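Everything below belongs to my_file22.csv, which stores CSV, C-alpha atoms.
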```csv
chain,number,residue,atom,x,y,z
A,1,MET,CA,20.6,-6.6,-28.4
A,2,ALA,CA,24.3,-5.5,-28.1
A,3,GLU,CA,23.8,-2.9,-30.9
A,4,TYR,CA,21.0,-1.2,-28.9
A,5,TRP,CA,23.2,-1.2,-25.8
A,6,GLU,CA,26.1,0.4,-27.7
A,7,LYS,CA,23.8,3.1,-29.1
A,8,ALA,CA,21.9,3.6,-25.8
A,9,GLU,CA,18.6,3.0,-27.6
A,10,PHE,CA,15.6,0.9,-26.7
A,11,PRO,CA,14.7,-2.0,-29.0
A,12,PHE,CA,11.0,-1.1,-29.6
A,13,GLN,CA,10.4,-4.0,-31.9
A,14,ILE,CA,10.6,-6.4,-28.9
A,15,ILE,CA,7.4,-4.9,-27.3
A,16,PRO,CA,5.0,-7.1,-29.3
A,17,LYS,CA,7.2,-10.1,-28.6
A,18,LEU,CA,7.1,-9.5,-24.9
A,19,GLY,CA,3.3,-9.2,-25.2
A,20,ALA,CA,3.2,-12.5,-27.1
A,21,ILE,CA,5.0,-14.4,-24.3
A,22,SER,CA,2.3,-13.3,-21.8
A,23,ILE,CA,4.5,-11.9,-19.0
A,24,ALA,CA,2.9,-8.5,-18.7
A,25,GLY,CA,1.1,-8.2,-15.4
A,26,GLY,CA,2.9,-11.2,-14.0
A,27,THR,CA,1.3,-11.8,-10.6
A,28,ILE,CA,-2.1,-10.1,-11.4
A,29,LYS,CA,-4.9,-12.7,-11.5
A,30,GLY,CA,-7.6,-12.2,-14.1
A,31,TYR,CA,-8.1,-9.4,-16.7
A,32,GLY,CA,-6.0,-11.3,-19.2
A,33,CYS,CA,-2.9,-11.3,-17.0
A,34,PRO,CA,-0.9,-14.5,-16.3
A,35,GLY,CA,-1.5,-14.6,-12.5
A,36,VAL,CA,1.8,-16.4,-11.9
A,37,SER,CA,3.6,-16.6,-8.5
A,38,LEU,CA,5.9,-13.9,-7.4
A,39,THR,CA,8.8,-16.4,-7.9
A,40,ALA,CA,7.8,-17.1,-11.5
A,41,SER,CA,7.5,-13.4,-12.2
A,42,ALA,CA,10.9,-12.7,-10.7
A,43,ILE,CA,12.5,-15.5,-12.7
A,44,ALA,CA,10.9,-14.1,-15.9
A,45,SER,CA,12.3,-10.7,-15.1
A,46,ALA,CA,15.7,-12.1,-14.4
A,47,GLU,CA,15.8,-14.0,-17.7
A,48,ILE,CA,14.9,-10.8,-19.6
A,49,ALA,CA,17.6,-9.0,-17.6
A,50,TRP,CA,20.1,-11.7,-18.5
A,51,VAL,CA,19.6,-10.7,-22.2
A,52,ASP,CA,19.3,-6.9,-21.7
A,53,ALA,CA,18.8,-4.9,-18.4
A,54,SER,CA,17.0,-2.1,-20.1
A,55,CYS,CA,14.3,-4.5,-21.4
A,56,SER,CA,13.9,-5.9,-17.9
A,57,THR,CA,13.6,-2.4,-16.5
A,58,PHE,CA,10.9,-1.7,-19.2
A,59,ILE,CA,8.8,-4.7,-18.2
A,60,LEU,CA,9.2,-4.1,-14.5
A,61,VAL,CA,8.0,-0.5,-14.8
A,62,HIS,CA,5.2,-1.7,-17.1
A,63,SER,CA,4.1,-4.7,-15.1
A,64,SER,CA,5.2,-4.3,-11.5
A,65,LEU,CA,4.6,-0.6,-11.2
A,66,ALA,CA,2.0,0.6,-13.7
A,67,MET,CA,-0.2,-2.5,-14.1
A,68,LEU,CA,0.0,-3.6,-10.5
A,69,THR,CA,-1.0,-0.1,-9.3
A,70,ILE,CA,-4.1,-0.3,-11.5
A,71,ALA,CA,-4.8,-3.8,-10.2
A,72,LEU,CA,-4.4,-2.8,-6.6
A,73,CYS,CA,-5.8,0.8,-6.6
A,74,GLY,CA,-7.9,1.1,-9.7
A,75,THR,CA,-11.7,0.8,-9.8
A,76,GLU,CA,-13.2,-2.3,-11.4
A,77,GLU,CA,-14.0,-0.2,-14.5
A,78,GLN,CA,-10.3,0.9,-14.8
A,79,LYS,CA,-9.1,-2.7,-14.3
A,80,GLN,CA,-11.4,-4.0,-17.1
A,81,LYS,CA,-10.5,-1.1,-19.4
A,82,TYR,CA,-6.7,-1.0,-19.0
A,83,LEU,CA,-5.3,-4.3,-17.8
A,84,PRO,CA,-6.3,-6.6,-20.7
A,85,SER,CA,-5.1,-4.0,-23.3
A,86,LEU,CA,-1.7,-3.6,-21.5
A,87,ALA,CA,-0.6,-6.9,-22.9
A,88,GLN,CA,-0.2,-5.0,-26.2
A,89,LEU,CA,0.1,-1.3,-25.1
A,90,VAL,CA,2.8,0.3,-23.0
A,91,ALA,CA,2.3,1.9,-19.5
A,92,CYS,CA,4.4,4.4,-17.7
A,93,TRP,CA,4.5,5.1,-13.9
A,94,ASP,CA,5.5,8.0,-11.8
A,95,LEU,CA,5.5,8.9,-8.1
A,96,ILE,CA,8.8,10.8,-7.8
A,97,GLU,CA,8.9,14.6,-7.3
A,98,PRO,CA,11.9,16.9,-7.2
A,99,ASP,CA,11.6,18.0,-3.6
A,100,TYR,CA,10.5,14.8,-1.8
A,101,GLY,CA,11.6,11.9,-4.1
A,102,SER,CA,9.3,8.9,-3.7
A,103,ASP,CA,7.7,10.0,-0.4
A,104,ALA,CA,4.0,9.6,-1.4
A,105,SER,CA,2.8,11.4,1.7
A,106,SER,CA,4.5,14.6,0.5
A,107,LEU,CA,3.1,14.7,-3.0
A,108,LYS,CA,2.7,18.3,-4.3
A,109,THR,CA,1.4,17.5,-7.9
A,110,THR,CA,-2.3,18.0,-8.1
A,111,ALA,CA,-5.0,16.6,-10.5
A,112,THR,CA,-8.2,18.6,-11.3
A,113,LYS,CA,-11.1,16.9,-13.1
A,114,VAL,CA,-12.2,18.8,-16.1
A,115,LYS,CA,-14.8,18.1,-18.9
A,116,ARG,CA,-12.4,16.2,-21.1
A,117,GLY,CA,-10.1,14.6,-18.6
A,118,TRP,CA,-7.7,15.8,-16.0
A,119,ILE,CA,-5.3,18.8,-15.6
A,120,LEU,CA,-2.1,17.9,-13.7
A,121,GLU,CA,-0.1,20.6,-12.1
A,122,GLY,CA,3.3,20.0,-10.6
A,123,GLN,CA,6.7,18.5,-11.3
A,124,LYS,CA,7.6,14.9,-11.7
A,125,ARG,CA,11.0,13.1,-12.2
A,126,TRP,CA,12.1,9.7,-13.5
A,127,ILE,CA,8.9,8.7,-15.3
A,128,GLY,CA,9.7,5.2,-16.4
A,129,ASN,CA,8.6,4.5,-20.0
A,130,ASN,CA,7.2,8.0,-20.4
A,131,THR,CA,8.6,8.8,-23.9
A,132,PHE,CA,6.6,6.0,-25.6
A,133,ALA,CA,3.7,5.1,-23.2
A,134,ASP,CA,0.1,4.7,-24.2
A,135,VAL,CA,-1.2,4.7,-20.7
A,136,LEU,CA,0.1,6.9,-17.9
A,137,VAL,CA,-0.1,6.1,-14.2
A,138,ILE,CA,0.8,9.3,-12.4
A,139,PHE,CA,0.5,9.8,-8.6
A,140,CYS,CA,-1.0,13.2,-7.6
A,141,ARG,CA,-3.4,14.7,-5.1
A,142,SER,CA,-7.0,15.4,-6.1
A,143,LYS,CA,-8.2,18.8,-5.3
A,144,ARG,CA,-11.5,17.2,-4.2
A,145,ARG,CA,-11.9,16.8,-0.5
A,146,ILE,CA,-11.9,13.1,0.4
A,147,GLN,CA,-14.2,12.1,3.3
A,148,ARG,CA,-12.4,9.6,5.5
A,149,GLU,CA,-13.7,7.6,8.4
A,150,THR,CA,-11.8,7.7,11.7
A,151,TRP,CA,-10.3,4.5,12.9
A,152,ARG,CA,-13.0,4.3,15.6
A,153,GLU,CA,-15.8,4.7,13.0
A,154,ALA,CA,-14.4,2.0,10.8
A,155,ASN,CA,-13.9,-0.4,13.6
A,156,GLU,CA,-17.4,0.1,15.0
A,157,ARG,CA,-18.7,-1.4,11.8
A,158,ARG,CA,-16.5,-4.5,12.1
A,159,GLN,CA,-17.6,-7.6,14.0
A,160,TRP,CA,-15.2,-7.9,16.9
A,161,SER,CA,-13.0,-11.0,16.9
A,162,MET,CA,-10.2,-12.2,19.1
A,163,GLY,CA,-7.6,-10.4,17.0
A,164,TRP,CA,-9.5,-7.1,16.9
A,165,ARG,CA,-10.2,-7.0,20.7
A,166,SER,CA,-6.6,-6.1,21.5
A,167,ALA,CA,-5.8,-4.1,18.4
```

Please express the file's structure as structure tokens.
Amino acid sequence: MAEYWEKAEFPFQIIPKLGAISIAGGTIKGYGCPGVSLTASAIASAEIAWVDASCSTFILVHSSLAMLTIALCGTEEQKQKYLPSLAQLVACWDLIEPDYGSDASSLKTTATKVKRGWILEGQKRWIGNNTFADVLVIFCRSKRRIQRETWREANERRQWSMGWRSA
């Protein structure tokens, strides 16, 4: 690993080996992911970082950012399509924009649905794993108008309980 550190290169040949030890998607339950505790996932990342920090950064971007975003925010179809295959493929993740950094509420990049996919318009920075990713998780705003319930409408549908009475 020292030779890669000295050359400032990533050891791509370790990607299948990382897939073989089943740490991708650490805390995600189901979809071919290990579903380990947060502590176990942190220990696995620390052990990888002990050998090489860039490899640890790679697996954290892949698992904790890209895969976890799909697990938490993706549709069931997206979870079934992407999460099992990401044990062997590489994902990248990006939220950061030049003017606002990682402030998700200020996103300027937009996504427009077209016949064969999406057109993204805007600028992004610091896209982890972007030079060799198979799957891209990019945060942007959709140009479609999203219908949202008001807080009152959402709560009218809930059964009232002790906790909700005062909230």

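Residues in contact with range 96-110 of chain A at 8 Å, where only C-alpha atoms are counted and same-chain residues fewer than 2 positions away are skipped, are listed as A:Asp94, A:Thr112, A:Leu120, A:Glu121, A:Gly122, A:Gln123, A:Lys124, A:Arg125, A:Trp126, A:Ile127, A:Phe139, A:Cys140, A:Arg141, A:Ser142, A:Lys143.
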
Within 12 Å of range 84-89 of chain A, which residues of range 32-57 of chain A show up? Give each one with its shortest atom-to-atom distance in Å (one decimal) and the two atoms involved, counting all atoms listed in the file, rows by chain then rising residue number, as CSV.
```
residue,atom,partner,partner_atom,distance
A:Gly32,CA,A:Pro84,CA,4.9
A:Cys33,CA,A:Pro84,CA,6.9
A:Pro34,CA,A:Ala87,CA,10.1
```

Provide the CA of Thr131 in chain A to CA of Glu9 in chain A distance in Å, to one decimal place.
12.1 Å

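Between CA of Lys81 in chain A and CA of Asp134 in chain A lies a distance of 13.0 Å.
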
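When CA of Val135 in chain A is paired with CA of Ala91 in chain A, their separation reads 4.6 Å.
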
Might you pull out every residue within 10 Å of range 60-65 of chain A, with only C-alpha atoms counted and same-chain residues fewer than 3 positions away left off, and present them as an NGL selection string?
:A and (23-28 or 33 or 41-42 or 45 or 54-57 or 68-71 or 83 or 86-87 or 89-94 or 127-129 or 133 or 135 or 137)

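Considering the residues A:Ala46, A:Phe58, A:Asp52, A:Asn130 and counting all atoms listed in the file, Glu6 in chain A has its shortest atom-to-atom contact with A:Asp52.
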